[in-house]
file entry.txt (compact mmCIF, C-alpha atoms)
# COMPACT_ATOMS: atom_id res chain seq x y z
CA MET I 1 -15.51 28.98 4.57
CA THR I 2 -14.81 30.01 1.05
CA HIS I 3 -15.37 27.80 -1.92
CA GLY I 4 -12.38 25.77 -2.92
CA SER I 5 -10.71 26.04 0.46
CA ALA I 6 -8.29 23.37 1.59
CA VAL I 7 -10.76 22.08 4.16
CA ARG I 8 -12.60 19.11 2.83
CA ASN I 9 -15.08 16.55 3.95
CA THR I 10 -13.74 13.16 4.92
CA TRP I 11 -15.75 10.03 4.29
CA VAL I 12 -14.70 6.91 6.06
CA PRO I 13 -16.22 3.47 5.53
CA ALA I 14 -17.14 1.59 8.67
CA ALA I 15 -18.10 -2.01 9.15
CA SER I 16 -21.80 -1.29 9.00
CA GLY I 17 -21.70 1.16 6.14
CA TRP I 18 -20.42 4.68 5.80
CA THR I 19 -19.48 7.02 8.58
CA VAL I 20 -19.31 10.63 7.62
CA THR I 21 -17.13 13.29 9.13
CA VAL I 22 -18.32 16.68 7.96
CA VAL I 23 -16.14 19.70 8.42
CA SER I 24 -18.27 22.50 9.81
CA GLN I 25 -18.30 26.12 8.78
CA SER I 26 -15.83 26.89 11.56
CA GLY I 27 -13.40 24.44 10.09
CA ARG I 28 -13.76 22.01 13.01
CA PRO I 29 -15.00 18.48 12.46
CA ALA I 30 -18.68 18.21 13.15
CA SER I 31 -18.18 14.71 14.47
CA THR I 32 -15.33 12.90 16.21
CA PRO I 33 -12.34 12.50 13.88
CA VAL I 34 -11.48 8.94 12.95
CA ASP I 35 -8.56 7.44 14.83
CA PHE I 36 -6.80 5.80 11.92
CA ALA I 37 -4.01 4.54 14.14
CA GLY I 38 -6.60 2.40 15.92
CA LEU I 39 -7.83 0.72 12.73
CA ASP I 40 -6.42 -2.56 11.50
CA ASP I 41 -4.70 -2.86 8.15
CA ALA I 42 -7.80 -4.14 6.35
CA ALA I 43 -9.90 -1.17 7.49
CA LEU I 44 -7.13 1.24 6.55
CA VAL I 45 -6.89 -0.26 3.08
CA THR I 46 -10.67 0.01 2.61
CA ALA I 47 -10.61 3.64 3.71
CA ALA I 48 -7.60 4.44 1.53
CA VAL I 49 -9.15 2.83 -1.53
CA ALA I 50 -12.22 4.97 -0.95
CA GLY I 51 -9.97 7.96 -1.40
CA GLY I 52 -8.87 8.46 2.18
CA ARG I 53 -5.35 9.75 1.91
CA ASP I 54 -5.27 10.14 5.70
CA ALA I 55 -5.83 6.41 5.96
CA PHE I 56 -2.94 5.83 3.61
CA ASP I 57 -0.81 8.12 5.78
CA ALA I 58 -1.57 5.77 8.66
CA ILE I 59 -0.50 2.78 6.55
CA VAL I 60 2.77 4.54 5.76
CA GLU I 61 3.36 5.38 9.39
CA ARG I 62 2.73 1.80 10.43
CA HIS I 63 4.96 0.14 7.84
CA ARG I 64 7.60 2.74 6.99
CA ARG I 65 10.28 1.31 9.27
CA THR I 66 9.96 -2.19 7.82
CA VAL I 67 9.95 -0.93 4.24
CA TYR I 68 12.93 1.32 4.90
CA GLN I 69 14.90 -1.51 6.48
CA VAL I 70 14.24 -3.83 3.54
CA CYS I 71 15.40 -1.11 1.17
CA TYR I 72 18.46 -0.36 3.25
CA ARG I 73 19.45 -4.03 3.19
CA PHE I 74 19.48 -3.90 -0.60
CA VAL I 75 21.40 -0.68 -1.11
CA SER I 76 23.28 -0.17 2.17
CA ASN I 77 22.96 3.59 2.18
CA HIS I 78 20.44 5.92 3.71
CA GLU I 79 19.75 8.18 0.73
CA ASP I 80 18.93 5.39 -1.70
CA ALA I 81 16.97 3.51 0.94
CA SER I 82 14.92 6.62 1.58
CA ASP I 83 14.20 7.10 -2.13
CA LEU I 84 13.30 3.45 -2.57
CA SER I 85 11.00 3.54 0.44
CA GLN I 86 9.16 6.51 -1.01
CA GLU I 87 8.87 4.81 -4.38
CA SER I 88 7.58 1.64 -2.73
CA PHE I 89 4.80 3.51 -0.96
CA VAL I 90 3.84 5.45 -4.08
CA ARG I 91 3.57 2.17 -5.96
CA ALA I 92 1.51 0.78 -3.10
CA TRP I 93 -0.87 3.74 -3.41
CA ARG I 94 -1.17 3.19 -7.16
CA GLY I 95 -1.84 -0.49 -6.73
CA LEU I 96 -3.97 -0.34 -3.61
CA LYS I 97 -7.16 -1.09 -5.53
CA THR I 98 -5.62 -4.37 -6.66
CA PHE I 99 -4.86 -5.47 -3.10
CA LYS I 100 -7.49 -8.10 -2.34
CA GLY I 101 -6.40 -8.96 1.16
CA GLN I 102 -5.42 -12.50 0.23
CA SER I 103 -2.12 -11.93 1.98
CA ALA I 104 -1.24 -9.65 4.85
CA LEU I 105 -0.73 -6.01 3.93
CA SER I 106 2.82 -6.26 5.25
CA THR I 107 3.53 -9.18 2.90
CA TRP I 108 2.16 -7.18 0.00
CA LEU I 109 4.30 -4.19 0.94
CA TYR I 110 7.34 -6.46 1.24
CA ARG I 111 6.66 -7.68 -2.29
CA ILE I 112 6.46 -4.15 -3.63
CA ALA I 113 9.59 -3.01 -1.81
CA VAL I 114 11.57 -6.07 -2.91
CA ASN I 115 10.53 -5.56 -6.54
CA VAL I 116 11.41 -1.86 -6.40
CA CYS I 117 14.78 -2.71 -4.89
CA LEU I 118 15.54 -5.52 -7.30
CA ASN I 119 14.76 -3.25 -10.22
CA ARG I 120 17.06 -0.59 -8.82
CA VAL I 121 19.98 -2.83 -7.86
CA GLY I 122 19.67 -4.64 -11.15
CA ALA I 123 20.17 -1.36 -12.96
CA LYS I 124 23.26 -0.52 -10.93
CA ALA I 125 26.61 -2.24 -11.26
CA ALA I 126 27.73 -4.31 -8.30
CA PRO I 127 30.54 -2.84 -6.20
CA THR I 128 33.81 -3.67 -7.94
CA ALA I 129 36.10 -3.57 -4.92
CA ALA I 130 34.05 -6.05 -2.99
CA LEU I 131 35.81 -9.31 -3.67
CA ASP I 132 39.36 -8.06 -3.14
CA SER I 133 38.56 -6.46 0.15
CA ILE I 134 36.66 -9.51 1.26
CA GLU I 135 39.34 -12.00 0.34
CA HIS I 136 42.06 -10.09 2.16
CA PHE I 137 40.03 -9.46 5.23
CA GLU I 138 41.76 -10.48 8.43
CA ASP I 139 39.81 -10.96 11.60
CA THR I 140 42.36 -10.00 14.19
CA ARG I 141 40.28 -9.83 17.34
CA VAL I 142 41.54 -7.07 19.49
CA GLU I 143 39.86 -4.99 22.11
CA GLY I 144 38.56 -1.43 22.04
CA ALA I 145 38.34 0.90 19.10
CA GLN I 146 40.33 -1.37 16.85
CA ALA I 147 37.92 -4.19 17.53
CA ALA I 148 34.98 -1.94 16.74
CA MET I 149 36.67 -0.87 13.53
CA LEU I 150 37.27 -4.47 12.56
CA ARG I 151 33.68 -5.36 13.28
CA GLU I 152 32.56 -2.54 11.02
CA GLU I 153 34.96 -3.67 8.32
CA ARG I 154 33.61 -7.17 8.64
CA ALA I 155 30.05 -5.86 8.41
CA ALA I 156 30.98 -3.84 5.33
CA ALA I 157 32.53 -6.93 3.79
CA VAL I 158 29.36 -8.92 4.44
CA ARG I 159 27.23 -6.13 2.93
CA ARG I 160 29.37 -6.08 -0.19
CA ALA I 161 29.23 -9.86 -0.43
CA ILE I 162 25.44 -9.82 -0.12
CA ALA I 163 25.33 -7.21 -2.88
CA LEU I 164 27.11 -9.67 -5.16
CA LEU I 165 24.57 -12.44 -4.68
CA PRO I 166 22.11 -13.22 -7.45
CA LYS I 167 18.88 -11.27 -7.03
CA LYS I 168 16.60 -13.98 -5.68
CA GLN I 169 19.27 -15.33 -3.36
CA ARG I 170 19.85 -11.86 -2.01
CA ALA I 171 16.15 -11.15 -1.54
CA THR I 172 15.67 -14.52 0.17
CA LEU I 173 18.63 -13.99 2.48
CA ILE I 174 17.45 -10.51 3.45
CA LEU I 175 13.86 -11.51 4.11
CA ARG I 176 14.80 -14.67 5.99
CA THR I 177 17.74 -13.40 8.00
CA TYR I 178 16.79 -9.83 8.83
CA HIS I 179 13.00 -9.91 8.73
CA GLU I 180 12.56 -13.49 9.93
CA LEU I 181 9.88 -14.26 7.38
CA SER I 182 8.95 -17.90 6.89
CA HIS I 183 9.92 -19.70 3.71
CA GLN I 184 6.22 -19.74 2.83
CA GLN I 185 5.95 -15.94 3.16
CA ILE I 186 9.12 -15.44 1.14
CA ALA I 187 7.77 -17.76 -1.54
CA GLU I 188 4.62 -15.62 -1.74
CA ILE I 189 6.61 -12.42 -1.96
CA LEU I 190 8.99 -13.68 -4.62
CA GLY I 191 6.37 -15.66 -6.50
CA SER I 192 8.16 -18.97 -6.13
CA SER I 193 7.73 -22.27 -4.30
CA VAL I 194 8.82 -23.05 -0.77
CA GLY I 195 11.33 -25.54 -2.16
CA ALA I 196 12.84 -22.90 -4.42
CA THR I 197 12.99 -20.48 -1.51
CA LYS I 198 14.86 -22.97 0.65
CA ALA I 199 17.25 -23.70 -2.20
CA ASN I 200 17.86 -19.98 -2.70
CA PHE I 201 18.54 -19.56 0.99
CA PHE I 202 21.00 -22.44 1.02
CA HIS I 203 22.85 -21.18 -2.06
CA ALA I 204 22.85 -17.63 -0.69
CA LEU I 205 24.65 -18.83 2.43
CA ALA I 206 27.01 -21.06 0.46
CA ASN I 207 27.89 -18.25 -1.95
CA LEU I 208 28.31 -15.83 0.92
CA LYS I 209 30.77 -18.22 2.51
CA LYS I 210 32.75 -18.41 -0.74
CA LEU I 211 32.71 -14.63 -1.14
CA LEU I 212 33.89 -14.08 2.40
CA GLY I 213 36.79 -16.47 1.84
CA ASN I 214 38.26 -18.68 4.47
CA GLN I 215 37.17 -16.68 7.44
CA PRO I 216 36.06 -18.60 10.52
CA MET F 1 22.79 -43.20 5.27
CA THR F 2 22.74 -40.46 2.61
CA HIS F 3 24.04 -36.99 3.35
CA LEU F 4 21.64 -34.19 4.19
CA THR F 5 20.09 -32.49 1.20
CA THR F 6 20.14 -28.70 0.80
CA ASP F 7 16.52 -28.66 1.94
CA GLU F 8 17.41 -30.65 5.04
CA LEU F 9 20.42 -28.46 5.79
CA VAL F 10 18.13 -25.41 5.71
CA ASP F 11 15.74 -27.23 8.02
CA ALA F 12 18.67 -27.97 10.34
CA ILE F 13 19.64 -24.29 10.35
CA ASP F 14 16.02 -23.42 11.14
CA GLY F 15 15.99 -26.07 13.89
CA VAL F 16 13.15 -28.03 12.32
CA LEU F 17 15.06 -30.98 10.88
CA ASP F 18 13.31 -34.30 11.25
CA PRO F 19 14.76 -36.12 14.30
CA ALA F 20 15.40 -39.21 12.23
CA ARG F 21 17.65 -37.21 9.93
CA ARG F 22 19.16 -35.21 12.75
CA SER F 23 20.80 -38.36 14.04
CA HIS F 24 22.75 -38.47 10.78
CA LEU F 25 24.68 -35.43 11.92
CA ASP F 26 26.06 -37.40 14.87
CA THR F 27 27.83 -39.79 12.57
CA CYS F 28 28.60 -37.66 9.48
CA ALA F 29 31.49 -35.20 9.86
CA PRO F 30 31.12 -33.62 6.38
CA CYS F 31 27.44 -32.77 6.98
CA ARG F 32 28.26 -31.50 10.45
CA GLU F 33 31.05 -29.32 9.07
CA GLN F 34 28.83 -27.95 6.30
CA LEU F 35 26.13 -27.08 8.81
CA THR F 36 28.67 -25.36 11.06
CA ASP F 37 30.01 -23.32 8.13
CA LEU F 38 26.54 -22.23 7.06
CA GLY F 39 25.69 -21.34 10.63
CA GLN F 40 28.83 -19.22 10.90
CA VAL F 41 28.01 -17.32 7.69
CA LEU F 42 24.49 -16.78 8.92
CA ALA F 43 25.83 -15.40 12.21
CA ASP F 44 28.09 -13.01 10.24
CA ALA F 45 25.09 -11.83 8.25
CA HIS F 46 23.01 -11.44 11.41
CA ALA F 47 25.67 -9.19 12.90
CA VAL F 48 25.17 -6.57 10.18
CA ALA F 49 22.75 -4.00 11.53
CA VAL F 50 20.81 -1.24 9.81
CA PRO F 51 21.88 2.12 11.26
CA GLU F 52 18.95 3.78 12.97
CA PRO F 53 18.05 6.99 11.13
CA SER F 54 17.40 10.24 12.93
CA PRO F 55 14.02 10.32 14.72
CA LEU F 56 13.07 13.20 12.44
CA PHE F 57 13.63 11.02 9.41
CA TRP F 58 10.43 9.05 9.85
CA GLN F 59 8.26 12.17 9.75
CA HIS F 60 10.29 13.40 6.82
CA LEU F 61 9.72 10.14 4.97
CA SER F 62 5.98 10.26 5.67
CA SER F 63 5.90 13.84 4.45
CA ARG F 64 7.71 12.93 1.23
CA VAL F 65 5.34 10.04 0.60
CA ARG F 66 2.34 12.27 1.31
CA GLN F 67 3.52 14.85 -1.21
CA ALA F 68 4.24 12.22 -3.82
CA VAL F 69 0.87 10.56 -3.28
CA ALA F 70 -0.90 13.93 -3.47
CA ALA F 71 0.39 14.23 -7.02
CA GLU F 72 -1.12 10.85 -7.86
CA PRO F 73 -4.73 10.15 -8.79
CA ALA F 74 -6.95 8.50 -6.19
CA ALA F 75 -6.20 4.88 -5.34
CA ALA F 76 -9.49 3.53 -6.58
CA GLY F 77 -10.40 3.38 -10.24
CA GLY F 78 -13.18 2.52 -12.62
CA TRP F 79 -16.86 2.65 -11.82
CA ARG F 80 -16.20 2.40 -8.07
CA ASP F 81 -14.98 5.99 -8.22
CA TRP F 82 -18.59 6.96 -8.67
CA LEU F 83 -19.67 5.23 -5.49
CA ARG F 84 -18.07 7.91 -3.34
CA TRP F 85 -20.32 10.22 -1.36
CA PRO F 86 -18.48 13.37 -2.46
CA VAL F 87 -19.48 12.40 -5.99
CA LEU F 88 -22.89 10.93 -5.28
CA ALA F 89 -24.16 13.71 -3.01
CA PRO F 90 -23.85 16.57 -5.51
CA LEU F 91 -24.98 14.27 -8.31
CA ALA F 92 -28.11 13.38 -6.37
CA ALA F 93 -28.75 17.02 -5.49
CA LEU F 94 -28.26 18.19 -9.05
CA THR F 95 -30.38 15.38 -10.42
CA LEU F 96 -33.20 16.38 -8.09
CA ILE F 97 -32.89 20.00 -9.20
CA VAL F 98 -32.97 19.01 -12.85
CA MET F 99 -35.98 16.78 -12.30
CA ALA F 100 -37.77 19.51 -10.39
CA LEU F 101 -37.10 21.92 -13.24
CA ALA F 102 -38.31 19.35 -15.74
CA ILE F 103 -41.58 19.05 -13.83
CA ALA F 104 -42.02 22.77 -13.27
CA LEU F 105 -41.20 23.99 -16.77
CA PRO F 106 -44.20 24.32 -19.15
CA ARG F 107 -44.29 21.61 -21.78
CA PRO F 108 -45.16 22.36 -25.40
CA VAL F 109 -48.77 21.58 -26.15
CA PRO F 110 -49.23 19.52 -29.31
CA ALA F 111 -50.85 21.44 -32.15
CA THR F 112 -54.52 20.74 -32.43
CA GLY F 113 -56.12 20.17 -35.74
CA PRO F 114 -59.52 21.17 -36.93
CA GLY F 115 -62.23 19.21 -35.31
CA ARG F 116 -59.98 18.05 -32.51
CA SER F 117 -60.26 19.36 -29.06
CA ALA F 118 -57.07 20.59 -27.37
CA GLN F 119 -55.49 17.92 -25.24
CA VAL F 120 -54.45 19.07 -21.85
CA ASP F 121 -51.66 17.28 -20.06
CA THR F 122 -53.46 16.05 -17.02
CA ASP F 123 -50.81 13.49 -16.09
CA THR F 124 -49.94 14.27 -12.51
CA THR F 125 -47.81 11.17 -11.86
CA LEU F 126 -44.15 11.74 -11.06
CA PRO F 127 -41.32 10.44 -13.22
CA ASP F 128 -40.20 6.97 -12.19
CA SER F 129 -36.79 8.04 -10.90
CA PHE F 130 -38.33 10.82 -8.82
CA ALA F 131 -40.92 8.43 -7.45
CA ILE F 132 -38.16 6.06 -6.35
CA VAL F 133 -36.31 8.87 -4.60
CA ALA F 134 -39.50 10.11 -3.00
CA GLU F 135 -40.33 6.63 -1.80
CA LEU F 136 -36.85 6.17 -0.34
CA VAL F 137 -36.69 9.44 1.55
CA GLY F 138 -40.35 10.19 2.02
CA ASP F 139 -40.50 8.90 5.58
CA LEU F 140 -37.33 10.64 6.72
CA ASP F 141 -37.63 13.79 8.73
CA TRP F 142 -35.01 16.48 8.37
CA ASP F 143 -33.15 15.68 11.61
CA THR F 144 -32.87 12.01 10.74
CA ALA F 145 -31.60 12.82 7.27
CA ALA F 146 -29.13 15.33 8.70
CA SER F 147 -27.82 12.90 11.30
CA ALA F 148 -27.39 10.28 8.57
CA GLY F 149 -25.31 12.75 6.59
CA LEU F 150 -27.82 12.93 3.77
CA THR F 151 -28.20 16.68 3.87
CA ILE F 152 -25.71 19.12 2.47
CA THR F 153 -24.58 22.41 3.88
CA PRO F 154 -24.71 25.57 1.77
CA GLY F 155 -21.91 25.48 -0.71
CA ALA F 156 -21.14 21.80 -0.07
CA ALA F 157 -22.19 20.79 -3.57
CA ASP F 158 -19.93 23.47 -5.05
CA ARG F 159 -17.00 22.32 -2.98
CA ALA F 160 -17.66 18.69 -3.81
CA VAL F 161 -17.70 19.52 -7.51
CA LEU F 162 -14.42 21.38 -7.10
CA ASP F 163 -12.96 18.28 -5.46
CA LEU F 164 -13.78 16.16 -8.51
CA THR F 165 -11.03 15.24 -10.90
CA ALA F 166 -11.11 16.54 -14.45
CA SER F 167 -12.55 13.28 -15.77
CA GLU F 168 -15.19 13.22 -13.04
CA GLN F 169 -16.19 16.79 -13.86
CA GLN F 170 -16.45 15.86 -17.54
CA GLU F 171 -18.67 12.91 -16.70
CA LEU F 172 -20.81 15.07 -14.44
CA THR F 173 -21.22 17.62 -17.22
CA ARG F 174 -22.19 14.85 -19.62
CA LEU F 175 -24.78 13.47 -17.22
CA LEU F 176 -26.28 16.91 -16.62
CA GLN F 177 -26.46 17.68 -20.32
CA ALA F 178 -28.10 14.33 -20.96
CA GLU F 179 -30.59 15.01 -18.19
CA LEU F 180 -31.35 18.49 -19.52
CA THR F 181 -31.78 17.15 -23.05
CA ARG F 182 -34.12 14.48 -21.76
CA ALA F 183 -36.07 17.03 -19.74
CA LYS F 184 -36.46 19.35 -22.72
CA SER F 185 -37.67 16.57 -24.93
call {"tool": "encode", "arguments": {"input": "entry.txt", "output": "structure tokens"}}
result
Amino acid sequence: MTHGSAVRNTWVPAASGWTVTVVSQSGRPASTPVDFAGLDDAALVTAAVAGGRDAFDAIVERHRRTVYQVCYRFVSNHEDASDLSQESFVRAWRGLKTFKGQSALSTWLYRIAVNVCLNRVGAKAAPTAALDSIEHFEDTRVEGAQAAMLREERAAAVRRAIALLPKKQRATLILRTYHELSHQQIAEILGSSVGATKANFFHALANLKKLLGNQP
Amino acid sequence: MTHLTTDELVDAIDGVLDPARRSHLDTCAPCREQLTDLGQVLADAHAVAVPEPSPLFWQHLSSRVRQAVAAEPAAAGGWRDWLRWPVLAPLAALTLIVMALAIALPRPVPATGPGRSAQVDTDTTLPDSFAIVAELVGDLDWDTAASAGLTITPGAADRAVLDLTASEQQELTRLLQAELTRAKS
């Protein structure tokens, strides 16, 4: 092995102290590689904070779908959701040392993703065509392709209506409806009270009803 | 009986409304209608799905995150950075080398004046820090130390130093210079 090669030693904290995986001269691990996928979130965070980027990779793999779906709910397109997901995980890496484990890692990641999304959507103008298209939407239930098209139009109308909601109402609606988080969890993520979360949820639904017009 | 509050309507949607208040819905058409409307809007929202990305996307996302994180400094910060074995191992090794040199190098003998006999340094005690290290590892045989990961392979210290960040290398240099200065004095 030459000096400065890409092969490096990996040091992983274990419950009873430090477990060391030394890469041998042949480039093969001298001891059994750590199965990060088998570690719980707390152990992964500890390992990642100790500099274990492989442990952070495992965190990303475990939570990437959830983070992506939160981001997609805010922006409704794949490219932006992908960018926001990446930004969320980079911010998580930067702030990992501040994660004290007082809440679940998933809750913490939700908080980061929601903040990243709210910052982004706040900087972008809301879709201008939303209200017109929503108000003139007609739900003529027919079979086949036309029905599928109408369902998609309806879904698009709902997405646009959600995009017009005030930030906290939107975040509350997304976390409650699509991620089935409790009001308590949402309150932790948004830094508000349970009462405020419930009020936001109620007003989100009421505003959504207004935005969608007189549809059944 | 008063109408349901917003809080109670949310509880009703969640299915956790107090039974005593739930009975109000049997007799209050406006509350019942409001609950139905909210339920319908919620069902509309529920029906909006997130399109499933390509299976390759997830690996691609992980790869993008990995690259972005690689450009970032390590997650930990502050003094805890120094409690990492890749930092501590070469530091310990280099400190031992410096201390060994300090012991082995000849020390200047103080000038002797007339009528005074030359004083020979007969102090054979080890420096405190070396004594602590010796006490800690004195009972360990080589195999035990190796199995505990306390030994380093040839070139490991060099590689560990190369893995240090710029600030860590600066601090290491400072510590070594301080140690050398102390040893010379």
call {"tool": "residues_around", "arguments": {"input": "entry.txt", "residues": "segment 29-43 of chain F", "least_positions_apart": "4", "cutoff": "7 Å", "atoms": "all atoms listed in the file", "output": "MDAnalysis selection string"}}
result
(chainID I and resid 205:206 208:209) or (chainID F and resid 3:4 9 13 25 47)
call {"tool": "interface_residues", "arguments": {"input": "entry.txt", "of": "chain I", "to": "chain F", "cutoff": "6 Å", "atoms": "all atoms listed in the file", "output": "PyMOL selection string"}}
result
chain I and resi 3-4+49+51+86+90+93-94+96-97+155+209
call {"tool": "write_last_selection", "arguments": {"input": "entry.txt", "atoms": "C-alpha atoms", "output": "short mmCIF file (atom, residue, chain, number, x, y, z; two decimals), keeping the file's coordinate frame"}}
result
data_model
loop_
_atom_site.label_atom_id
_atom_site.label_comp_id
_atom_site.auth_asym_id
_atom_site.auth_seq_id
_atom_site.Cartn_x
_atom_site.Cartn_y
_atom_site.Cartn_z
CA HIS I 3 -15.37 27.80 -1.92
CA GLY I 4 -12.38 25.77 -2.92
CA VAL I 49 -9.15 2.83 -1.53
CA GLY I 51 -9.97 7.96 -1.40
CA GLN I 86 9.16 6.51 -1.01
CA VAL I 90 3.84 5.45 -4.08
CA TRP I 93 -0.87 3.74 -3.41
CA ARG I 94 -1.17 3.19 -7.16
CA LEU I 96 -3.97 -0.34 -3.61
CA LYS I 97 -7.16 -1.09 -5.53
CA ALA I 155 30.05 -5.86 8.41
CA LYS I 209 30.77 -18.22 2.51
#
call {"tool": "closest_atom_pairs", "arguments": {"input": "entry.txt", "of": "segment 41-157 of chain I", "to": "segment 188-198 of chain I", "cutoff": "8 Å", "atoms": "all atoms listed in the file", "output": "Markdown table"}}
result
| residue | atom | partner | partner_atom | distance |
| --- | --- | --- | --- | --- |
| I:Thr107 | CA | I:Ile189 | CA | 6.6 |
| I:Trp108 | CA | I:Ile189 | CA | 7.1 |
| I:Tyr110 | CA | I:Ile189 | CA | 6.8 |
| I:Arg111 | CA | I:Ile189 | CA | 4.8 |
call {"tool": "atom_distance", "arguments": {"input": "entry.txt", "atom1": "atom CA of Val67 of chain I", "atom2": "atom CA of Glu180 of chain I"}}
result
14.0 Å
call {"tool": "atom_distance", "arguments": {"input": "entry.txt", "atom1": "atom CA of Arg154 of chain I", "atom2": "atom CA of Gln69 of chain I"}}
result
19.7 Å
call {"tool": "closest_residue", "arguments": {"input": "entry.txt", "among": "I:Ile112, I:Asp54, I:Leu165, I:Leu181", "to": "Phe99 of chain I", "atoms": "all atoms listed in the file"}}
result
I:Ile112
call {"tool": "atom_distance", "arguments": {"input": "entry.txt", "atom1": "atom CA of Asn200 of chain I", "atom2": "atom CA of Asn115 of chain I"}}
result
16.6 Å
call {"tool": "closest_residue", "arguments": {"input": "entry.txt", "among": "F:Asp26, F:Leu172, F:Leu164, F:Leu180", "to": "Ala100 of chain F", "atoms": "only C-alpha atoms"}}
result
F:Leu180
call {"tool": "closest_residue", "arguments": {"input": "entry.txt", "among": "F:Ala102, F:Ala12, F:Cys28, F:Ala166", "to": "Arg182 of chain F", "atoms": "all atoms listed in the file"}}
result
F:Ala102
call {"tool": "closest_residue", "arguments": {"input": "entry.txt", "among": "I:Ala157, I:Leu173, I:Val45, I:Ala81", "to": "Thr98 of chain I", "atoms": "only C-alpha atoms"}}
result
I:Val45
call {"tool": "residues_near_point", "arguments": {"input": "entry.txt", "point": "(9.8, 0.9, -2.8)", "cutoff": "10 Å", "atoms": "all atoms listed in the file", "output": "VMD selection string"}}
result
chain I and resid 67 to 68 70 to 71 81 to 92 109 to 120
